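Source file: upload_13.txt; contents: compact mmCIF, C-alpha atoms.
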# COMPACT_ATOMS: atom_id res chain seq x y z
CA MET A 213 48.69 -9.05 -9.32
CA THR A 214 50.17 -9.24 -12.78
CA GLU A 215 53.56 -10.54 -13.78
CA ASN A 216 54.41 -7.05 -15.00
CA GLN A 217 53.81 -5.54 -11.58
CA HIS A 218 55.95 -8.19 -10.02
CA SER A 219 58.99 -7.51 -12.16
CA ASP A 220 58.54 -3.80 -11.52
CA ASN A 221 58.60 -4.40 -7.80
CA HIS A 222 61.93 -6.14 -7.98
CA ALA A 223 63.55 -3.82 -10.48
CA VAL A 224 63.60 -0.89 -8.08
CA SER A 225 63.26 -0.75 -4.31
CA PRO A 226 59.88 -2.34 -3.46
CA LYS A 227 56.84 -0.13 -3.42
CA PRO A 228 55.59 -0.07 0.17
CA GLU A 229 52.33 -1.79 1.00
CA SER A 230 49.65 0.72 1.89
CA ALA A 231 48.23 0.84 5.41
CA VAL A 232 44.84 2.08 4.16
CA LYS A 233 43.56 -1.44 3.45
CA HIS A 234 44.46 -2.52 6.99
CA LEU A 235 42.86 0.55 8.56
CA ILE A 236 39.63 -0.07 6.65
CA SER A 237 39.48 -3.70 7.70
CA PHE A 238 40.24 -2.68 11.31
CA LEU A 239 37.33 -0.23 11.15
CA ILE A 240 35.00 -2.95 9.86
CA MET A 241 36.16 -5.25 12.70
CA ILE A 242 35.43 -2.58 15.31
CA ILE A 243 31.97 -1.99 13.81
CA LEU A 244 31.20 -5.73 13.74
CA THR A 245 32.38 -6.13 17.34
CA ALA A 246 30.32 -3.15 18.51
CA ALA A 247 27.30 -4.50 16.61
CA ALA A 248 27.65 -7.91 18.27
CA PHE A 249 27.82 -6.33 21.75
CA TYR A 250 24.91 -4.02 20.95
CA VAL A 251 22.67 -6.85 19.77
CA VAL A 252 23.36 -8.81 22.98
CA ILE A 253 23.00 -5.86 25.36
CA LYS A 254 19.69 -4.88 23.76
CA SER A 255 18.74 -8.56 23.86
CA GLY A 256 15.36 -9.25 22.32
CA SER A 257 14.47 -5.66 21.43
CA VAL A 258 16.67 -5.28 18.34
CA VAL A 259 16.88 -8.87 17.11
CA ALA A 260 14.67 -11.81 18.07
CA GLU A 261 16.40 -13.88 20.76
CA HIS A 262 16.75 -17.05 18.70
CA LEU A 263 18.48 -15.09 15.89
CA ILE A 264 21.15 -13.55 18.13
CA LEU A 265 23.54 -16.52 18.12
CA PRO A 266 23.54 -17.03 14.32
CA LEU A 267 23.94 -13.29 13.80
CA ILE A 268 26.91 -12.79 16.16
CA LEU A 269 28.51 -15.96 14.76
CA VAL A 270 28.28 -14.49 11.26
CA PHE A 271 29.89 -11.28 12.57
CA ALA A 272 32.71 -13.36 14.11
CA VAL A 273 33.31 -15.36 10.92
CA ILE A 274 33.51 -12.15 8.83
CA GLN A 275 36.07 -10.79 11.29
CA VAL A 276 38.14 -13.97 11.02
CA PHE A 277 38.24 -13.73 7.23
CA LEU A 278 39.23 -10.06 7.45
CA GLN A 279 42.08 -11.00 9.78
CA LEU A 280 43.22 -13.85 7.54
CA PHE A 281 43.07 -12.02 4.23
CA THR A 282 44.23 -8.55 5.21
CA PHE A 283 46.27 -8.66 8.43
CA MET A 284 47.75 -12.11 7.82
CA HIS A 285 48.26 -11.57 4.08
CA LEU A 286 46.51 -14.76 3.07
CA GLY A 287 45.33 -14.77 -0.54
CA GLN A 288 48.38 -12.89 -1.78
CA LYS A 289 50.52 -14.25 -4.55
CA GLY A 290 52.37 -17.35 -3.38
CA SER A 291 50.20 -18.05 -0.34
CA ALA A 292 48.24 -21.03 -1.74
CA TYR A 293 49.94 -23.56 0.58
CA TYR A 294 49.35 -21.37 3.61
CA ALA A 295 45.67 -21.27 2.70
CA ILE A 296 45.53 -25.05 2.26
CA PHE A 297 47.11 -25.64 5.69
CA ILE A 298 44.87 -23.25 7.59
CA MET A 299 41.70 -24.30 5.74
CA LEU A 300 42.46 -27.96 6.49
CA GLY A 301 42.92 -26.93 10.13
CA ILE A 302 39.59 -25.11 10.12
CA VAL A 303 37.75 -28.09 8.56
CA ILE A 304 39.11 -30.51 11.20
CA ALA A 305 38.46 -27.90 13.90
CA VAL A 306 34.80 -27.43 12.93
CA ILE A 307 34.22 -31.20 12.74
CA SER A 308 35.86 -31.68 16.17
CA ALA A 309 33.93 -28.85 17.81
CA VAL A 310 30.54 -29.83 16.37
CA GLY A 311 31.26 -33.49 17.21
CA ILE A 312 32.06 -32.67 20.83
CA ILE A 313 28.98 -30.45 21.23
CA LEU A 314 26.62 -33.06 19.77
CA MET A 315 28.19 -35.96 21.68
CA MET B 209 72.47 -9.51 -4.07
CA ALA B 210 71.99 -13.23 -3.75
CA THR B 211 68.53 -12.74 -2.37
CA HIS B 212 67.51 -10.63 -5.28
CA THR B 213 68.03 -13.47 -7.73
CA GLU B 214 66.51 -15.93 -5.28
CA ALA B 215 63.40 -13.75 -4.95
CA SER B 216 63.14 -13.23 -8.70
CA ARG B 217 63.50 -16.92 -9.47
CA SER B 218 60.73 -17.82 -7.12
CA PRO B 219 58.20 -14.99 -7.11
CA HIS B 220 56.77 -15.46 -3.65
CA MET B 221 54.90 -12.45 -2.35
CA PRO B 222 56.68 -9.44 -3.83
CA ASN B 223 57.41 -6.58 -1.38
CA HIS B 224 57.78 -9.04 1.44
CA LEU B 225 61.15 -9.36 3.09
CA GLU B 226 59.98 -12.28 5.23
CA THR B 227 59.66 -14.52 2.16
CA ALA B 228 62.78 -13.21 0.40
CA THR B 229 64.81 -16.30 1.31
CA PHE B 230 64.08 -20.01 0.99
CA GLU B 231 64.44 -20.42 4.75
CA GLY B 232 62.07 -17.53 5.35
CA ARG B 233 59.41 -19.04 3.08
CA ASN B 234 59.73 -22.39 4.85
CA LYS B 235 59.37 -20.73 8.25
CA VAL B 236 56.17 -19.01 7.19
CA LEU B 237 54.83 -22.21 5.60
CA GLY B 238 55.62 -24.24 8.71
CA PHE B 239 53.98 -21.62 10.88
CA TRP B 240 50.71 -21.82 8.94
CA LEU B 241 50.71 -25.58 9.55
CA PHE B 242 51.21 -24.87 13.25
CA LEU B 243 48.30 -22.41 13.18
CA GLY B 244 46.14 -25.09 11.55
CA ALA B 245 46.93 -27.40 14.49
CA GLU B 246 46.27 -24.60 16.99
CA THR B 247 42.88 -24.04 15.40
CA VAL B 248 41.99 -27.68 16.14
CA LEU B 249 43.25 -27.34 19.73
CA PHE B 250 41.04 -24.32 20.38
CA ALA B 251 38.08 -25.86 18.55
CA CYS B 252 38.18 -28.82 20.96
CA LEU B 253 38.26 -26.46 23.95
CA PHE B 254 35.37 -24.46 22.47
CA GLY B 255 33.38 -27.65 21.87
CA THR B 256 33.99 -28.77 25.44
CA TYR B 257 32.96 -25.41 26.85
CA LEU B 258 29.79 -25.19 24.76
CA ALA B 259 28.80 -28.74 25.75
CA LEU B 260 29.37 -28.12 29.49
CA ARG B 261 28.50 -24.45 29.97
CA HIS B 262 25.17 -25.07 31.71
CA GLN B 263 26.63 -27.56 34.24
CA THR B 264 27.21 -25.03 37.02
CA MET B 265 26.48 -27.35 40.00
CA GLY B 266 24.61 -24.58 41.80
CA GLY B 267 27.47 -22.11 41.35
CA PRO B 268 27.15 -18.77 39.57
CA SER B 269 26.24 -18.97 35.87
CA GLY B 270 27.89 -17.08 33.05
CA HIS B 271 24.93 -14.73 32.92
CA GLU B 272 25.54 -13.67 36.53
CA LEU B 273 29.34 -13.53 36.26
CA PHE B 274 30.24 -11.86 33.00
CA ASP B 275 30.68 -8.11 32.84
CA LEU B 276 30.34 -7.03 29.21
CA LYS B 277 31.93 -3.62 29.85
CA LEU B 278 35.21 -5.22 30.90
CA VAL B 279 35.02 -7.75 28.07
CA GLY B 280 34.40 -4.94 25.58
CA LEU B 281 37.45 -3.08 26.87
CA ALA B 282 39.62 -6.22 26.65
CA THR B 283 38.34 -6.81 23.10
CA ALA B 284 39.23 -3.24 22.12
CA PHE B 285 42.77 -3.72 23.48
CA LEU B 286 43.33 -6.97 21.59
CA LEU B 287 41.75 -5.82 18.32
CA THR B 288 43.86 -2.65 18.33
CA SER B 289 47.01 -4.65 19.10
CA SER B 290 46.27 -6.79 16.05
CA LEU B 291 46.24 -3.62 13.93
CA THR B 292 49.43 -2.27 15.49
CA SER B 293 51.28 -5.55 14.87
CA VAL B 294 50.35 -5.43 11.17
CA LEU B 295 51.53 -1.80 11.06
CA ALA B 296 54.84 -3.02 12.51
CA ILE B 297 55.14 -5.56 9.69
CA LEU B 298 54.39 -2.88 7.07
CA ALA B 299 57.15 -0.73 8.60
CA MET B 300 59.47 -3.74 8.61
CA ASN B 301 58.96 -4.24 4.88
CA GLN B 302 59.79 -0.57 4.33
CA LEU B 303 62.94 -1.11 6.45
CA LYS B 304 61.81 1.56 8.91
CA LYS B 305 63.23 0.12 12.10
CA LYS B 306 62.18 2.89 14.50
CA VAL B 307 58.57 2.86 13.27
CA MET B 308 58.51 -0.92 13.51
CA MET B 309 59.86 -0.90 17.07
CA PHE B 310 57.28 1.71 18.07
CA TRP B 311 54.35 -0.37 16.79
CA LEU B 312 55.76 -3.56 18.31
CA ALA B 313 56.05 -1.78 21.66
CA VAL B 314 52.43 -0.59 21.39
CA THR B 315 51.37 -4.16 20.57
CA VAL B 316 53.14 -5.53 23.65
CA LEU B 317 51.67 -2.84 25.91
CA LEU B 318 48.14 -3.48 24.64
CA GLY B 319 48.71 -7.20 25.17
CA LEU B 320 49.81 -6.51 28.75
CA ALA B 321 46.74 -4.33 29.37
CA PHE B 322 44.57 -7.18 28.11
CA LEU B 323 46.34 -9.67 30.36
CA ILE B 324 45.95 -7.45 33.46
CA LEU B 325 42.21 -7.14 32.77
CA GLU B 326 41.91 -10.91 32.37
CA ILE B 327 43.83 -11.69 35.58
CA ASN B 328 41.63 -9.23 37.52
CA GLU B 329 38.57 -10.83 35.99
CA PHE B 330 39.69 -14.32 37.06
CA ILE B 331 40.47 -13.13 40.61
CA HIS B 332 36.98 -11.59 40.78
CA TYR B 333 35.40 -14.85 39.56
CA VAL B 334 37.26 -16.92 42.15
CA HIS B 335 35.84 -14.67 44.89
CA GLU B 336 32.37 -15.25 43.43
CA GLY B 337 32.88 -19.01 43.76
CA HIS B 338 33.63 -19.73 40.11
CA THR B 339 36.87 -21.74 40.11
CA PHE B 340 38.55 -24.40 37.99
CA THR B 341 37.26 -27.17 40.26
CA SER B 342 33.85 -25.71 41.21
CA SER B 343 31.93 -27.23 38.30
CA ALA B 344 32.18 -28.55 34.74
CA PHE B 345 31.33 -25.02 33.61
CA GLY B 346 34.28 -23.70 35.64
CA SER B 347 36.73 -26.31 34.34
CA SER B 348 35.83 -25.82 30.69
CA PHE B 349 35.70 -22.03 31.06
CA TYR B 350 39.17 -21.75 32.60
CA ALA B 351 40.62 -24.36 30.22
CA LEU B 352 39.44 -22.35 27.20
CA VAL B 353 39.95 -18.76 28.36
CA GLY B 354 43.08 -19.71 30.32
CA THR B 355 44.69 -21.38 27.30
CA HIS B 356 44.02 -18.21 25.34
CA GLY B 357 45.52 -16.13 28.16
CA ALA B 358 48.59 -18.38 28.18
CA HIS B 359 48.94 -17.75 24.46
CA VAL B 360 48.76 -14.00 25.03
CA THR B 361 51.43 -14.29 27.76
CA PHE B 362 53.68 -16.28 25.45
CA GLY B 363 53.08 -13.83 22.60
CA ILE B 364 54.09 -10.90 24.82
CA ILE B 365 57.33 -12.66 25.83
CA TRP B 366 58.01 -13.67 22.22
CA ILE B 367 57.51 -10.21 20.72
CA SER B 368 59.46 -8.47 23.52
CA THR B 369 62.47 -10.76 23.07
CA LEU B 370 62.28 -10.32 19.29
CA MET B 371 62.34 -6.56 19.83
CA LEU B 372 65.58 -6.93 21.81
CA GLN B 373 67.05 -9.02 19.01
CA ALA B 374 65.87 -6.63 16.28
CA ALA B 375 67.28 -3.66 18.22
CA GLY B 376 70.72 -5.20 17.96
CA ARG B 377 70.61 -6.84 14.55
CA GLY B 378 68.35 -4.49 12.63
CA ILE B 379 65.88 -5.59 9.94
CA THR B 380 67.66 -8.35 8.05
CA GLU B 381 66.47 -11.22 5.90
CA GLU B 382 67.05 -13.44 8.91
CA MET B 383 65.04 -11.26 11.30
CA ALA B 384 62.13 -10.58 8.93
CA PRO B 385 60.60 -14.10 8.95
CA LYS B 386 60.85 -14.22 12.76
CA LEU B 387 59.03 -10.92 13.14
CA PHE B 388 56.43 -11.86 10.53
CA VAL B 389 55.72 -15.22 12.13
CA ALA B 390 55.34 -13.57 15.55
CA SER B 391 52.80 -11.17 14.05
CA LEU B 392 50.90 -14.09 12.49
CA TYR B 393 50.76 -15.66 15.97
CA TRP B 394 49.44 -12.43 17.43
CA HIS B 395 46.70 -12.17 14.78
CA PHE B 396 45.77 -15.76 15.50
CA ILE B 397 45.39 -14.95 19.20
CA ASP B 398 43.04 -12.15 18.19
CA VAL B 399 41.03 -14.49 15.95
CA VAL B 400 40.59 -16.88 18.89
CA TRP B 401 39.49 -14.00 21.11
CA VAL B 402 36.83 -13.00 18.57
CA PHE B 403 35.28 -16.42 19.11
CA ILE B 404 35.76 -16.27 22.89
CA PHE B 405 33.90 -12.98 23.26
CA THR B 406 31.21 -14.22 20.90
CA LEU B 407 30.69 -17.78 22.14
CA VAL B 408 31.66 -17.43 25.82
CA TYR B 409 30.76 -13.92 26.94
CA LEU B 410 28.02 -12.77 24.56
CA LEU B 411 26.40 -16.20 24.37
CA GLY B 412 26.64 -16.44 28.17
CA LYS B 413 24.63 -13.23 28.44
CA VAL B 414 22.01 -14.43 25.97
CA GLY B 415 21.54 -17.59 28.01

Mind converting the file's structure to structure tokens?
Amino acid sequence: MTENQHSDNHAVSPKPESAVKHLISFLIMIILTAAAFYVVIKSGSVVAEHLILPLILVFAVIQVFLQLFTFMHLGQKGSAYYAIFIMLGIVIAVISAVGIILM
Amino acid sequence: MATHTEASRSPHMPNHLETATFEGRNKVLGFWLFLGAETVLFACLFGTYLALRHQTMGGPSGHELFDLKLVGLATAFLLTSSLTSVLAILAMNQLKKKVMMFWLAVTVLLGLAFLILEINEFIHYVHEGHTFTSSAFGSSFYALVGTHGAHVTFGIIWISTLMLQAAGRGITEEMAPKLFVASLYWHFIDVVWVFIFTLVYLLGKVG
């Protein structure tokens, strides 16, 4: 987002944020969810059994990033601190979870 | 237009009423810190569950218990409610109160539908002999999924009471951060559920 755009937005009544971006990311989430369920229901025949967990985990992580960056507006101008807080939380969370599982 | 100058001086997220004031920006910032802490809370519960999920003490295992059709339906409810709550926030930033209230109401109803499914599921499990005290699997399962359910319950109460407040006060610079933060909370609940259906239900079916 350029500085020019920003001053434009404040000069007149703000230009509304489009819902299209959110609808697209919702569609991707639904597809990823359906794919994860499909892979598990057809266990073994679509994807080798030992690859199912990494695959559905990847699907989940993509969904999380879609939620964060579209629905929760992370990554927009002025959201650097929000990103630092949540990323720090995620780092500690992953360390805690992996630590507990391996204990 | 005190807020106008405030917003221009500090260009935080144009088009966003929730960060139009200093207080609003601080609320959103503080809430992201809270979400960071919540992430750690749920990660610990996930770690515990994944470490203990095979310790069924002769009781039913996840593979026998979980019904993916119901879980899929619950997932659809929660995912859709995440979309409707973001649509409410878009309407809020366009100052369309009626549209916003409609989407908030849909969000709450979808949340309630999810909760009813989950309560029925738990009742069914208890009849199958899968309780909080039956095994380590049971304890860690109910601690994780139950904490998520408690968050959903709280989110429903929070958004409903905010709707009552917004109905009276309208969309103001004071209301906007409250509504935005509630929607962040709701998205977070959905993010946690994505991991629950992946790591608890789908992984339970894989074995």

Problem set entry | 9 Å contact set for B:Tyr409, all atoms listed in the file, chain neighbours under 5 positions out, as an MDAnalysis selection string | chainID B and resid 270:271 274:276 279 404 414

Residues of chain B were defined as contacting chain A if any atom lay at most 7 Å from it, counting all atoms listed in the file; please report them as a PDB file with C-alpha atoms, in the frame of the given file.
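In the end it all went to part20.pdb:
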ATOM      1  CA  HIS B 220      56.770 -15.460  -3.650  1.00  0.00           C
ATOM      2  CA  MET B 221      54.900 -12.450  -2.350  1.00  0.00           C
ATOM      3  CA  PRO B 222      56.680  -9.440  -3.830  1.00  0.00           C
ATOM      4  CA  ASN B 223      57.410  -6.580  -1.380  1.00  0.00           C
ATOM      5  CA  LEU B 237      54.830 -22.210   5.600  1.00  0.00           C
ATOM      6  CA  TRP B 240      50.710 -21.820   8.940  1.00  0.00           C
ATOM      7  CA  LEU B 241      50.710 -25.580   9.550  1.00  0.00           C
ATOM      8  CA  LEU B 243      48.300 -22.410  13.180  1.00  0.00           C
ATOM      9  CA  GLY B 244      46.140 -25.090  11.550  1.00  0.00           C
ATOM     10  CA  ALA B 245      46.930 -27.400  14.490  1.00  0.00           C
ATOM     11  CA  THR B 247      42.880 -24.040  15.400  1.00  0.00           C
ATOM     12  CA  VAL B 248      41.990 -27.680  16.140  1.00  0.00           C
ATOM     13  CA  ALA B 251      38.080 -25.860  18.550  1.00  0.00           C
ATOM     14  CA  CYS B 252      38.180 -28.820  20.960  1.00  0.00           C
ATOM     15  CA  PHE B 254      35.370 -24.460  22.470  1.00  0.00           C
ATOM     16  CA  GLY B 255      33.380 -27.650  21.870  1.00  0.00           C
ATOM     17  CA  THR B 256      33.990 -28.770  25.440  1.00  0.00           C
ATOM     18  CA  LEU B 258      29.790 -25.190  24.760  1.00  0.00           C
ATOM     19  CA  ALA B 259      28.800 -28.740  25.750  1.00  0.00           C
ATOM     20  CA  LEU B 291      46.240  -3.620  13.930  1.00  0.00           C
ATOM     21  CA  VAL B 294      50.350  -5.430  11.170  1.00  0.00           C
ATOM     22  CA  LEU B 298      54.390  -2.880   7.070  1.00  0.00           C
ATOM     23  CA  GLN B 302      59.790  -0.570   4.330  1.00  0.00           C
ATOM     24  CA  LEU B 392      50.900 -14.090  12.490  1.00  0.00           C
ATOM     25  CA  HIS B 395      46.700 -12.170  14.780  1.00  0.00           C
ATOM     26  CA  VAL B 399      41.030 -14.490  15.950  1.00  0.00           C
ATOM     27  CA  VAL B 402      36.830 -13.000  18.570  1.00  0.00           C
ATOM     28  CA  PHE B 403      35.280 -16.420  19.110  1.00  0.00           C
ATOM     29  CA  THR B 406      31.210 -14.220  20.900  1.00  0.00           C
ATOM     30  CA  LEU B 410      28.020 -12.770  24.560  1.00  0.00           C
ATOM     31  CA  LEU B 411      26.400 -16.200  24.370  1.00  0.00           C
ATOM     32  CA  VAL B 414      22.010 -14.430  25.970  1.00  0.00           C
TER      33      VAL B 414
END

Exercise. What is the atom CA of B:His356-atom CA of B:Thr369 distance in Å, reported with one decimal?
Worked result: 20.0 Å

Problem set entry | Atom pair atom CA of B:Thr229 / atom CA of B:Pro385: separation (Å) | 9.0 Å

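With only C-alpha atoms as the atoms that count, the minimum distance from B:Leu303 to the choices B:Gly346, B:His224, B:Ile379, B:Trp366 is reached by B:Ile379.
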
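Reported to one decimal place, the separation of atom CA of A:Val259 from atom CA of B:Leu325 is 29.8 Å.
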
Adding 5 Å on each side of the box along x, y and z that holds all listed atoms of stretch 225-240 of chain B, could you give its centre and edge lengths in Å to one decimal, as JSON?
{"center_x": 57.8, "center_y": -16.8, "center_z": 5.6, "size_x": 24.1, "size_y": 24.9, "size_z": 20.5}

For this session: Find the spatial neighbours of B:Gly378, counting only C-alpha atoms, within a cut-off of 10 Å - ignore same-chain residues fewer than 4 positions away - and output them as a count of residues only.
Result: 12

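Residues in contact range of B:Val389, defined as at most 8 Å between all atoms listed in the file, with sequence neighbours fewer than 3 positions away removed, read Lys235, Val236, Phe239, Pro385, Lys386, Leu392 and Tyr393 of chain B.
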